[in-house]
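**Q** Contents of entry-v7.txt (compact mmCIF, C-alpha atoms) are given next:
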```txt
# COMPACT_ATOMS: atom_id res chain seq x y z
CA MET A 691 40.84 158.86 -134.63
CA LYS A 692 42.97 161.53 -132.94
CA ARG A 693 40.26 161.95 -130.33
CA THR A 694 40.30 158.25 -129.67
CA SER A 695 44.07 158.24 -129.14
CA LYS A 696 43.77 161.12 -126.72
CA TYR A 697 41.19 159.28 -124.66
CA PHE A 698 43.38 156.16 -124.67
CA VAL A 699 46.45 158.04 -123.43
CA LEU A 700 44.35 159.85 -120.86
CA GLY A 701 42.96 156.52 -119.67
CA ILE A 702 46.43 155.04 -119.23
CA LEU A 703 47.63 158.07 -117.31
CA LEU A 704 44.59 157.87 -115.06
CA VAL A 705 45.21 154.20 -114.25
CA MET A 706 48.87 154.91 -113.56
CA GLY A 707 47.90 157.78 -111.38
CA ILE A 708 45.52 155.66 -109.31
CA SER A 709 48.16 152.89 -108.89
CA LEU A 710 50.75 155.38 -107.82
CA GLY A 711 48.33 156.92 -105.40
CA TYR A 712 47.49 153.52 -103.93
CA ALA A 713 51.13 152.63 -103.59
CA LEU A 714 51.80 155.82 -101.76
CA ILE A 715 49.22 155.14 -99.10
CA SER A 716 50.01 151.42 -98.53
CA SER A 717 52.16 149.78 -95.83
CA THR A 718 53.71 146.37 -95.46
CA LEU A 719 53.54 144.78 -92.02
CA THR A 720 56.17 142.12 -91.38
CA ILE A 721 56.91 139.88 -88.43
CA ASN A 722 60.24 138.14 -88.50
CA GLY A 723 60.84 135.47 -85.86
CA THR A 724 63.63 133.15 -84.92
CA ALA A 725 62.61 130.00 -83.06
CA SER A 726 65.10 127.41 -81.93
CA VAL A 727 63.97 123.94 -80.89
CA LYS A 728 66.04 122.13 -78.33
CA SER A 729 67.15 118.64 -79.36
CA ASN A 730 65.34 115.89 -77.40
CA THR A 731 65.53 112.16 -77.20
CA PHE A 732 63.06 109.57 -76.03
CA SER A 733 64.92 106.49 -74.94
CA VAL A 734 63.82 103.94 -72.36
CA ILE A 735 66.07 100.92 -72.18
CA TRP A 736 67.09 97.93 -70.11
CA SER A 737 70.44 98.97 -68.70
CA LYS A 738 71.61 95.88 -66.81
CA VAL A 739 70.63 92.57 -65.24
CA GLU A 740 71.78 91.69 -61.75
CA ASP A 741 71.40 89.03 -59.06
CA GLU A 742 70.16 86.26 -61.30
CA THR A 743 69.42 83.23 -59.12
CA ILE A 744 67.74 79.87 -59.34
CA THR A 745 66.91 77.85 -56.25
CA GLY A 746 65.35 74.50 -55.48
CA SER A 747 65.96 71.01 -56.71
CA VAL A 748 69.03 69.44 -58.26
CA GLY A 749 67.43 69.45 -61.71
CA LYS A 750 66.84 73.20 -61.85
CA GLU A 751 68.91 74.93 -64.51
CA ILE A 752 69.62 78.28 -66.06
CA ILE A 753 69.93 77.15 -69.66
CA SER A 754 70.69 80.62 -70.95
CA PRO A 755 71.23 83.55 -68.55
CA ALA A 756 69.17 86.72 -68.79
CA THR A 757 70.85 88.88 -71.43
CA ILE A 758 70.05 92.33 -72.80
CA SER A 759 69.75 92.58 -76.58
CA ALA A 760 71.87 94.92 -78.70
CA ASP A 761 69.07 97.50 -78.98
CA LYS A 762 68.61 97.32 -75.20
CA THR A 763 64.85 96.85 -75.37
CA THR A 764 64.70 93.10 -74.77
CA ILE A 765 65.93 90.73 -72.10
CA ASN A 766 66.10 87.07 -73.10
CA PHE A 767 66.47 84.10 -70.77
CA SER A 768 65.90 80.37 -70.71
CA VAL A 769 65.47 78.28 -67.56
CA LYS A 770 64.28 74.89 -66.42
CA LEU A 771 62.14 74.62 -63.30
CA ASP A 772 62.39 70.93 -62.62
CA LYS A 773 60.51 70.33 -59.41
CA PRO A 774 57.80 72.04 -57.36
CA GLY A 775 59.46 74.67 -55.19
CA ASP A 776 62.04 75.67 -57.82
CA ALA A 777 62.26 79.41 -58.37
CA TYR A 778 64.13 81.76 -60.72
CA GLN A 779 64.55 85.50 -60.45
CA PHE A 780 66.64 88.45 -61.54
CA LYS A 781 66.75 92.22 -61.21
CA ALA A 782 66.17 94.07 -64.47
CA TYR A 783 67.28 97.70 -64.43
CA ARG A 784 65.18 100.03 -66.57
CA LYS A 785 66.66 103.39 -67.47
CA ASN A 786 65.33 106.53 -69.08
CA ALA A 787 68.38 107.41 -71.15
CA GLY A 788 66.59 110.22 -72.98
CA SER A 789 65.63 113.77 -72.09
CA ILE A 790 61.87 113.24 -72.07
CA ASP A 791 60.00 111.88 -69.09
CA ALA A 792 58.35 108.54 -69.70
CA THR A 793 55.49 106.71 -68.09
CA LEU A 794 53.81 103.38 -68.51
CA ASP A 795 50.91 103.55 -70.92
CA SER A 796 47.86 103.91 -68.69
CA THR A 797 45.63 101.79 -70.92
CA ASN A 798 48.07 98.94 -71.44
CA PRO A 799 51.05 99.26 -69.10
CA VAL A 800 52.27 95.68 -68.95
CA GLU A 801 51.53 92.74 -71.21
CA VAL A 802 52.35 89.11 -70.49
CA ILE A 803 52.11 86.66 -73.35
CA GLY A 804 52.65 82.93 -73.15
CA MET A 805 51.11 82.02 -69.81
CA TYR A 806 47.69 81.32 -71.29
CA ASP A 807 46.47 78.92 -73.93
CA LEU A 808 46.22 80.77 -77.19
CA GLY A 809 43.09 82.91 -77.42
CA THR A 810 41.82 81.96 -73.97
CA THR A 811 42.19 82.95 -70.36
CA THR A 812 43.08 79.40 -69.32
CA LEU A 813 46.54 79.09 -67.84
CA LYS A 814 48.76 76.56 -69.55
CA TYR A 815 49.85 75.41 -66.10
CA ASP A 816 48.40 77.02 -63.01
CA LYS A 817 51.24 76.02 -60.71
CA ILE A 818 53.64 78.56 -62.19
CA PHE A 819 53.61 82.05 -60.72
CA LEU A 820 55.14 85.02 -62.52
CA SER A 821 55.67 88.35 -60.80
CA ILE A 822 57.23 91.61 -61.95
CA LEU A 823 57.73 93.75 -58.90
CA ASP A 824 58.89 97.26 -58.18
CA PRO A 825 60.53 96.70 -54.77
CA THR A 826 59.74 100.25 -53.66
CA GLN A 827 56.02 99.58 -53.92
CA THR A 828 53.70 97.37 -51.94
CA SER A 829 52.90 94.03 -53.47
CA ASN A 830 50.57 91.15 -52.96
CA PRO A 831 51.38 88.54 -55.58
CA ASN A 832 48.50 86.17 -54.99
CA THR A 833 47.75 85.45 -58.61
CA ASN A 834 49.64 83.59 -61.29
CA ILE A 835 50.53 86.78 -63.13
CA TYR A 836 51.17 89.78 -60.93
CA HIS A 837 52.86 93.16 -61.16
CA ASN A 838 52.74 96.33 -59.10
CA LEU A 839 54.39 98.61 -61.67
CA THR A 840 51.38 100.88 -62.16
CA LEU A 841 51.74 102.08 -58.57
CA ALA A 842 54.76 104.10 -59.76
CA PRO A 843 54.46 104.25 -63.53
CA ASP A 844 56.81 107.18 -64.20
CA LEU A 845 60.39 106.87 -65.29
CA LEU A 846 61.72 110.39 -65.46
CA ALA A 847 64.54 111.50 -67.73
CA ASN A 848 67.96 110.22 -66.68
CA LYS A 849 66.48 108.07 -63.92
CA GLU A 850 67.10 104.39 -63.38
CA ASN A 851 65.53 101.78 -61.14
CA TYR A 852 64.91 98.06 -61.21
CA VAL A 853 62.13 95.53 -61.24
CA VAL A 854 62.37 92.01 -59.90
CA VAL A 855 61.21 89.33 -62.30
CA LYS A 856 60.39 86.06 -60.59
CA LEU A 857 59.14 82.72 -61.83
CA GLU A 858 58.12 80.18 -59.24
CA TYR A 859 56.95 76.59 -59.47
CA THR A 860 54.73 76.39 -56.41
CA ASP A 861 55.06 73.43 -54.09
CA ASP A 862 51.47 73.75 -52.92
CA LEU A 863 50.01 71.04 -55.10
CA GLU A 864 48.32 67.68 -55.20
CA ALA A 865 49.53 64.57 -56.98
CA SER A 866 46.90 65.23 -59.66
CA ASP A 867 48.48 68.64 -60.40
CA LEU A 868 51.74 67.13 -61.57
CA LEU A 869 52.83 67.23 -65.18
CA ALA A 870 53.10 63.97 -67.09
CA GLU A 871 55.40 65.57 -69.64
CA ASP A 872 57.80 68.49 -69.71
CA LEU A 873 56.08 71.79 -70.44
CA THR A 874 57.73 74.74 -72.14
CA LEU A 875 56.42 78.26 -71.62
CA ASP A 876 57.67 80.89 -74.07
CA LEU A 877 57.00 84.03 -72.10
CA SER A 878 57.01 87.57 -73.33
CA ILE A 879 56.68 90.44 -70.87
CA LYS A 880 56.23 93.88 -72.40
CA LEU A 881 56.51 97.20 -70.57
CA ASN A 882 54.86 99.83 -72.72
CA TYR A 883 56.42 103.24 -72.13
CA VAL A 884 55.08 106.47 -73.63
CA GLN A 885 55.92 110.11 -73.21
CA LYS A 886 54.73 111.50 -69.89
CA LYS A 887 52.28 114.33 -70.68
CA MET B 696 18.58 133.56 -115.81
CA GLN B 697 20.35 130.55 -117.30
CA LYS B 698 23.67 132.37 -116.93
CA ASN B 699 23.04 132.83 -113.19
CA THR B 700 22.34 129.12 -112.73
CA GLU B 701 25.57 128.16 -114.51
CA GLU B 702 27.55 130.52 -112.31
CA LYS B 703 26.00 129.01 -109.19
CA ILE B 704 26.96 125.50 -110.31
CA LYS B 705 30.52 126.68 -111.02
CA TYR B 706 30.72 128.31 -107.56
CA ARG B 707 29.54 125.13 -105.82
CA LYS B 708 32.14 123.07 -107.68
CA ILE B 709 34.86 125.39 -106.48
CA GLN B 710 33.58 125.20 -102.89
CA ARG B 711 33.48 121.39 -103.04
CA ARG B 712 37.07 121.29 -104.28
CA LYS B 713 38.08 123.52 -101.37
CA HIS B 714 36.35 121.21 -98.87
CA THR B 715 38.03 118.14 -100.33
CA THR B 716 41.39 119.83 -100.09
CA PHE B 717 40.69 120.75 -96.50
CA VAL B 718 39.65 117.19 -95.57
CA LEU B 719 42.77 115.79 -97.21
CA PHE B 720 44.84 118.27 -95.29
CA LEU B 721 43.21 117.15 -92.03
CA VAL B 722 43.90 113.51 -92.82
CA VAL B 723 47.54 114.24 -93.55
CA LEU B 724 47.75 116.24 -90.33
CA LEU B 725 46.27 113.38 -88.32
CA VAL B 726 48.68 110.91 -89.85
CA LEU B 727 51.59 113.17 -89.00
CA ILE B 728 50.36 113.57 -85.43
CA THR B 729 49.98 109.80 -85.07
CA ILE B 730 53.46 109.16 -86.38
CA GLY B 731 54.80 111.83 -84.10
CA TYR B 732 53.12 110.28 -81.07
CA ALA B 733 54.17 106.73 -81.92
CA SER B 734 57.76 107.75 -82.20
CA LEU B 735 57.72 108.70 -78.51
CA ALA B 736 56.85 105.25 -77.27
CA THR B 737 59.11 102.36 -76.36
CA VAL B 738 58.29 98.80 -75.50
CA LEU B 739 60.68 97.10 -73.13
CA ASN B 740 60.54 93.33 -73.56
CA ILE B 741 61.49 90.41 -71.41
CA ASN B 742 61.40 87.16 -73.33
CA GLY B 743 61.74 83.96 -71.39
CA ASN B 744 61.82 80.33 -72.32
CA THR B 745 60.83 78.28 -69.31
CA THR B 746 60.77 74.51 -69.20
CA ILE B 747 58.79 72.96 -66.39
CA GLY B 748 60.00 69.47 -65.74
CA LYS B 749 57.64 66.55 -65.69
CA VAL B 750 57.18 65.32 -62.16
CA GLU B 751 55.89 62.09 -60.70
CA TRP B 752 54.75 61.53 -57.15
CA ASN B 753 54.49 57.86 -56.32
CA ILE B 754 55.01 56.36 -52.88
CA HIS B 755 53.40 53.00 -52.39
CA PHE B 756 53.56 49.60 -50.72
CA GLN B 757 55.35 46.70 -52.30
CA ASN B 758 56.65 43.26 -51.43
CA VAL B 759 54.62 41.93 -48.52
CA GLN B 760 56.50 39.15 -46.74
CA ILE B 761 54.89 37.00 -44.03
CA VAL B 762 57.41 36.43 -41.25
CA ASP B 763 55.31 34.64 -38.66
CA ASN B 764 51.87 33.26 -39.28
CA ASN B 765 51.44 31.24 -36.13
CA CYS B 766 47.74 31.98 -35.82
CA ASN B 767 44.42 31.44 -37.53
CA ILE B 768 44.69 33.44 -40.72
CA VAL B 769 41.40 34.36 -42.34
CA SER B 770 43.14 36.35 -45.06
CA GLY B 771 46.82 37.05 -45.14
CA ALA B 772 48.39 40.47 -45.49
CA GLN B 773 48.25 41.69 -49.04
CA ILE B 774 48.12 44.86 -51.07
CA VAL B 775 44.49 45.35 -52.04
CA ASP B 776 44.20 48.44 -54.21
CA ALA B 777 45.47 49.45 -57.60
CA GLU B 778 47.40 52.42 -56.20
CA GLN B 779 49.14 50.02 -53.80
CA THR B 780 48.51 52.22 -50.80
CA LYS B 781 46.53 49.76 -48.68
CA VAL B 782 47.52 46.52 -46.99
CA GLU B 783 44.80 44.45 -45.39
CA TYR B 784 44.76 41.25 -43.34
CA THR B 785 42.34 39.38 -41.08
CA ILE B 786 43.57 37.05 -38.34
CA LYS B 787 42.34 35.32 -35.23
CA LEU B 788 44.57 35.02 -32.20
CA GLU B 789 43.30 32.20 -30.06
CA ASP B 790 46.21 31.03 -27.91
CA LEU B 791 48.60 33.23 -25.97
CA ASP B 792 51.61 32.11 -27.96
CA GLU B 793 50.06 33.03 -31.28
CA ARG B 794 51.31 36.00 -33.26
CA TYR B 795 51.26 37.43 -36.71
CA GLU B 796 54.15 39.26 -38.25
CA PHE B 797 54.86 40.52 -41.73
CA THR B 798 57.06 43.04 -43.47
CA VAL B 799 56.19 45.37 -46.28
CA ASP B 800 58.30 47.82 -48.28
CA VAL B 801 57.42 51.48 -48.71
CA VAL B 802 58.94 52.50 -52.03
CA ASN B 803 59.32 55.89 -53.68
CA THR B 804 59.26 55.33 -57.43
CA GLY B 805 58.42 58.95 -58.24
CA THR B 806 60.80 61.76 -59.07
CA LEU B 807 60.21 63.75 -55.89
CA ASP B 808 61.69 63.15 -52.48
CA GLY B 809 59.14 62.42 -49.77
CA ILE B 810 59.03 63.14 -46.11
CA LEU B 811 56.87 61.44 -43.50
CA GLU B 812 54.49 64.02 -42.14
CA SER B 813 52.57 61.71 -39.83
CA ALA B 814 52.28 58.05 -38.86
CA ILE B 815 49.26 57.08 -36.81
CA LEU B 816 48.67 53.72 -35.19
CA GLY B 817 45.07 52.97 -34.29
CA GLY B 818 42.41 50.41 -33.61
CA LEU B 819 43.22 49.12 -30.13
CA SER B 820 41.09 50.15 -27.21
CA THR B 821 42.70 50.93 -23.86
CA GLU B 822 41.34 47.66 -22.55
CA ALA B 823 42.78 45.72 -25.46
CA ARG B 824 46.23 47.23 -24.99
CA LYS B 825 46.43 45.36 -21.68
CA TYR B 826 46.73 42.04 -23.44
CA LEU B 827 47.58 42.78 -27.06
CA ASN B 828 50.69 44.17 -28.70
CA TYR B 829 50.30 45.88 -32.00
CA THR B 830 53.46 47.52 -33.32
CA VAL B 831 54.75 48.90 -36.57
CA THR B 832 58.47 49.66 -36.77
CA TYR B 833 61.23 49.67 -39.35
CA ALA B 834 62.55 46.23 -40.19
CA ASP B 835 65.40 46.59 -37.72
CA GLY B 836 62.96 47.38 -34.91
CA SER B 837 63.69 51.09 -34.78
CA ALA B 838 60.86 53.52 -34.28
CA ILE B 839 59.23 55.31 -37.17
CA THR B 840 59.37 59.06 -36.60
CA ASN B 841 57.76 62.00 -38.29
CA GLY B 842 60.07 63.87 -40.61
CA ALA B 843 61.80 60.76 -41.89
CA GLU B 844 62.92 61.20 -45.48
CA LEU B 845 62.15 58.81 -48.27
CA LYS B 846 64.13 59.96 -51.28
CA HIS B 847 63.01 59.12 -54.76
CA GLY B 848 64.29 55.75 -55.89
CA GLU B 849 64.67 54.53 -52.31
CA HIS B 850 62.60 52.31 -50.04
CA VAL B 851 62.19 51.40 -46.39
CA THR B 852 60.88 48.15 -44.92
CA LEU B 853 58.23 48.15 -42.21
CA ARG B 854 57.66 45.36 -39.73
CA VAL B 855 54.11 44.80 -38.46
CA ILE B 856 53.54 42.57 -35.40
CA VAL B 857 50.30 41.56 -33.71
CA GLU B 858 50.70 39.34 -30.65
CA PHE B 859 49.61 38.73 -27.08
CA ARG B 860 51.67 40.51 -24.54
CA ASP B 861 54.00 38.32 -22.54
CA ASP B 862 53.43 40.10 -19.22
CA LEU B 863 49.78 39.20 -18.84
CA THR B 864 47.90 38.50 -15.64
CA LYS B 865 44.66 36.59 -15.66
CA ASP B 866 42.76 39.81 -15.06
CA ASP B 867 44.07 41.25 -18.26
CA LEU B 868 42.55 38.62 -20.50
CA PRO B 869 39.32 39.26 -22.36
CA THR B 870 36.31 37.33 -21.20
CA GLU B 871 34.63 37.37 -24.59
CA GLU B 872 35.76 37.20 -28.18
CA GLU B 873 36.62 40.64 -29.49
CA THR B 874 37.30 41.99 -32.95
CA PHE B 875 39.59 44.90 -33.66
CA THR B 876 40.23 46.86 -36.81
CA LEU B 877 43.91 47.67 -36.57
CA THR B 878 45.11 50.59 -38.59
CA TYR B 879 48.36 52.30 -39.42
CA GLN B 880 48.34 55.39 -41.60
CA MET B 881 51.45 57.03 -43.00
CA LYS B 882 51.21 60.40 -44.69
CA TYR B 883 54.07 61.36 -46.95
CA ILE B 884 54.49 64.84 -48.39
CA GLN B 885 56.98 66.37 -50.80
CA LYS B 886 60.25 67.20 -49.15
```
Starting from the file, give its structure as structure tokens.

**A**
Amino acid sequence: MKRTSKYFVLGILLVMGISLGYALISSTLTINGTASVKSNTFSVIWSKVEDETITGSVGKEIISPATISADKTTINFSVKLDKPGDAYQFKAYRKNAGSIDATLDSTNPVEVIGMYDLGTTTLKYDKIFLSILDPTQTSNPNTNIYHNLTLAPDLLANKENYVVVKLEYTDDLEASDLLAEDLTLDLSIKLNYVQKK
Amino acid sequence: MQKNTEEKIKYRKIQRRKHTTFVLFLVVLLVLITIGYASLATVLNINGNTTIGKVEWNIHFQNVQIVDNNCNIVSGAQIVDAEQTKVEYTIKLEDLDERYEFTVDVVNTGTLDGILESAILGGLSTEARKYLNYTVTYADGSAITNGAELKHGEHVTLRVIVEFRDDLTKDDLPTEEETFTLTYQMKYIQK
């Protein structure tokens, strides 16, 4: 029994000795870093609307002027183009109010909804022409829906410029082109901005 | 031997659990990346409500009135088509004092103002002009000129006269019976 106790005590001392020895030849490597991340904002907004005009016949009318919404991402307007030759347009200023450069999404830069019959590529009325133009770029608006915004897609931080939105009721038509009833187009134009990589 | 097999099964279970955890982690990472990317996108909208007014284009003849029918009338002047854009007549002038004269209104019942782009008188040969007068004027005798406006809701009255000239010499007269198709075409376009 005594011999057993001796071995037990000896065993414990041996284990302690090994642990101590291990601890004596160990090191702890530490890397302490401090990283600060600068605050950034991504904010592309409509900043103002200018030079809203409507020209043409007596019956033309701006029912509700182009107005920027409270969150500054939407411009709403309502107009009546009464006769062929009537035209409506305004300048819409787009501003990068954030600190991150933005660009139009290369796969889907601009969407126009409301010109076509639902689910088709047939124009509701092919005598209406809609254009969204960057005046600094070349343009050739020879189709019903036209924009040249992808020629200069970037909107860098703190920069502002404008696009011209124009709706025109062409006067190049035949008697058979005329509408028998009033037609209402609820248009939605979307400029899809993403971070510039 | 059996113990070894059980240990292998246990080891595989642990490995599978690790893989599952890793896949879940990847999914969570992807979701986070997607959310992070989406938050750096903005859609600028322009919403417009545009009403395009109904429009009617309708300029036509109306109200033919015979003023002078001192001649052999085969068929008197009348509007002959449903669109009311054609007036036809057939007459025979046999004596020098015979003439045919009528008036007809050009009315704009559409919603657009019109403008006269062209008015072309035709049907008389050079030879026939020596002895025959064929004129189309406004009712007051004034000349019809290109560019004349015809506003919607308004009308003008034309006067059509076919007669022998009154300054004839015997050499001017035709030696045989002749037939002419007299025409007058007015083209109106939107102002």

**Q** I need the chain A residues near chain B as number ranges by chain; criterion: at most 8 Å, counting all atoms listed in the file.

**A** A: 732-736, 763-773, 865, 868-885

**Q** To one decimal place in Å, what is the distance between CA of Pro831 in chain A and CA of Phe819 in chain A?

**A**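 We find that CA of Pro831 in chain A and CA of Phe819 in chain A lie 8.6 Å from each other.
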
**Q** Interatomic distance between CA of Asn841 in chain B and CA of Tyr879 in chain B?

**A**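 Distance between the two atoms: 13.6 Å.
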
**Q** Suppose you want the space between CA of Pro799 in chain A and CA of Thr860 in chain A; what is it in Å?

**A**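 A separation of 26.4 Å between them.
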
**Q** Hey, what's within 12 Å of Met881 in chain B if we count only C-alpha atoms and toss same-chain stuff fewer than 3 positions away? As a ChimeraX atom specification, please?

**A** /B:754-756,780-782,801,809-817,831-832,839-843,853,878,884

**Q** Would you mind telling me which residue in B:Val759, B:Val775, B:Val857, B:Val851 lies nearest to Leu819 in chain B when using only C-alpha atoms?

**A**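 Residue with the minimum atom-to-atom distance to Leu819 in chain B: B:Val857.
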
**Q** Name the residues within 6 Å of (49.5, 41.1, -24.2), counting only C-alpha atoms in the file's coordinates, and put them as a list in words.

**A** Lys825, Tyr826, Leu827, Asn828, Phe859, Arg860, Asp861 and Leu863 of chain B

**Q** Could you list, as an MDAnalysis selection string, every residue within 10 Å of Thr830 in chain B, counting only C-alpha atoms and ignoring same-chain residues fewer than 6 positions away?

**A** chainID B and resid 796 816 836 838 854:858 879

**Q** Taking C-alpha atoms for each residue, export the selection above as an mmCIF file, in the coordinates of the input.

**A**
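Generated output (result-v6.cif):
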```cif
data_model
loop_
_atom_site.group_PDB
_atom_site.id
_atom_site.type_symbol
_atom_site.label_atom_id
_atom_site.label_comp_id
_atom_site.auth_asym_id
_atom_site.auth_seq_id
_atom_site.Cartn_x
_atom_site.Cartn_y
_atom_site.Cartn_z
ATOM 1 C CA GLU B 796 54.150 39.260 -38.250
ATOM 2 C CA LEU B 816 48.670 53.720 -35.190
ATOM 3 C CA GLY B 836 62.960 47.380 -34.910
ATOM 4 C CA ALA B 838 60.860 53.520 -34.280
ATOM 5 C CA ARG B 854 57.660 45.360 -39.730
ATOM 6 C CA VAL B 855 54.110 44.800 -38.460
ATOM 7 C CA ILE B 856 53.540 42.570 -35.400
ATOM 8 C CA VAL B 857 50.300 41.560 -33.710
ATOM 9 C CA GLU B 858 50.700 39.340 -30.650
ATOM 10 C CA TYR B 879 48.360 52.300 -39.420
#
```

**Q** Show which residues sit within 8 Å of Tyr783 in chain A, as a PyMOL selection string. Count only C-alpha atoms, and ignore same-chain residues fewer than 3 positions away.

**A** chain A and resi 736-740+850-853

**Q** For the point (56.5, 74.3, -57.0) in the file's frame, write as a list in words all residues with an atom no more than 8 Å away, counting all atoms listed in the file.

**A**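 Within the cut-off we find Lys773, Pro774, Gly775, Asp776, Ala777, Lys817, Ile818, Glu858, Tyr859, Thr860, Asp861, Asp862 and Leu863 of chain A.
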
**Q** Write a file of the just-selected residues containing C-alpha atoms, as a PDB file, keeping the file's coordinate frame.

**A**
```
ATOM      1  CA  LYS A 773      60.510  70.330 -59.410  1.00  0.00           C
ATOM      2  CA  PRO A 774      57.800  72.040 -57.360  1.00  0.00           C
ATOM      3  CA  GLY A 775      59.460  74.670 -55.190  1.00  0.00           C
ATOM      4  CA  ASP A 776      62.040  75.670 -57.820  1.00  0.00           C
ATOM      5  CA  ALA A 777      62.260  79.410 -58.370  1.00  0.00           C
ATOM      6  CA  LYS A 817      51.240  76.020 -60.710  1.00  0.00           C
ATOM      7  CA  ILE A 818      53.640  78.560 -62.190  1.00  0.00           C
ATOM      8  CA  GLU A 858      58.120  80.180 -59.240  1.00  0.00           C
ATOM      9  CA  TYR A 859      56.950  76.590 -59.470  1.00  0.00           C
ATOM     10  CA  THR A 860      54.730  76.390 -56.410  1.00  0.00           C
ATOM     11  CA  ASP A 861      55.060  73.430 -54.090  1.00  0.00           C
ATOM     12  CA  ASP A 862      51.470  73.750 -52.920  1.00  0.00           C
ATOM     13  CA  LEU A 863      50.010  71.040 -55.100  1.00  0.00           C
TER      14      LEU A 863
END
```
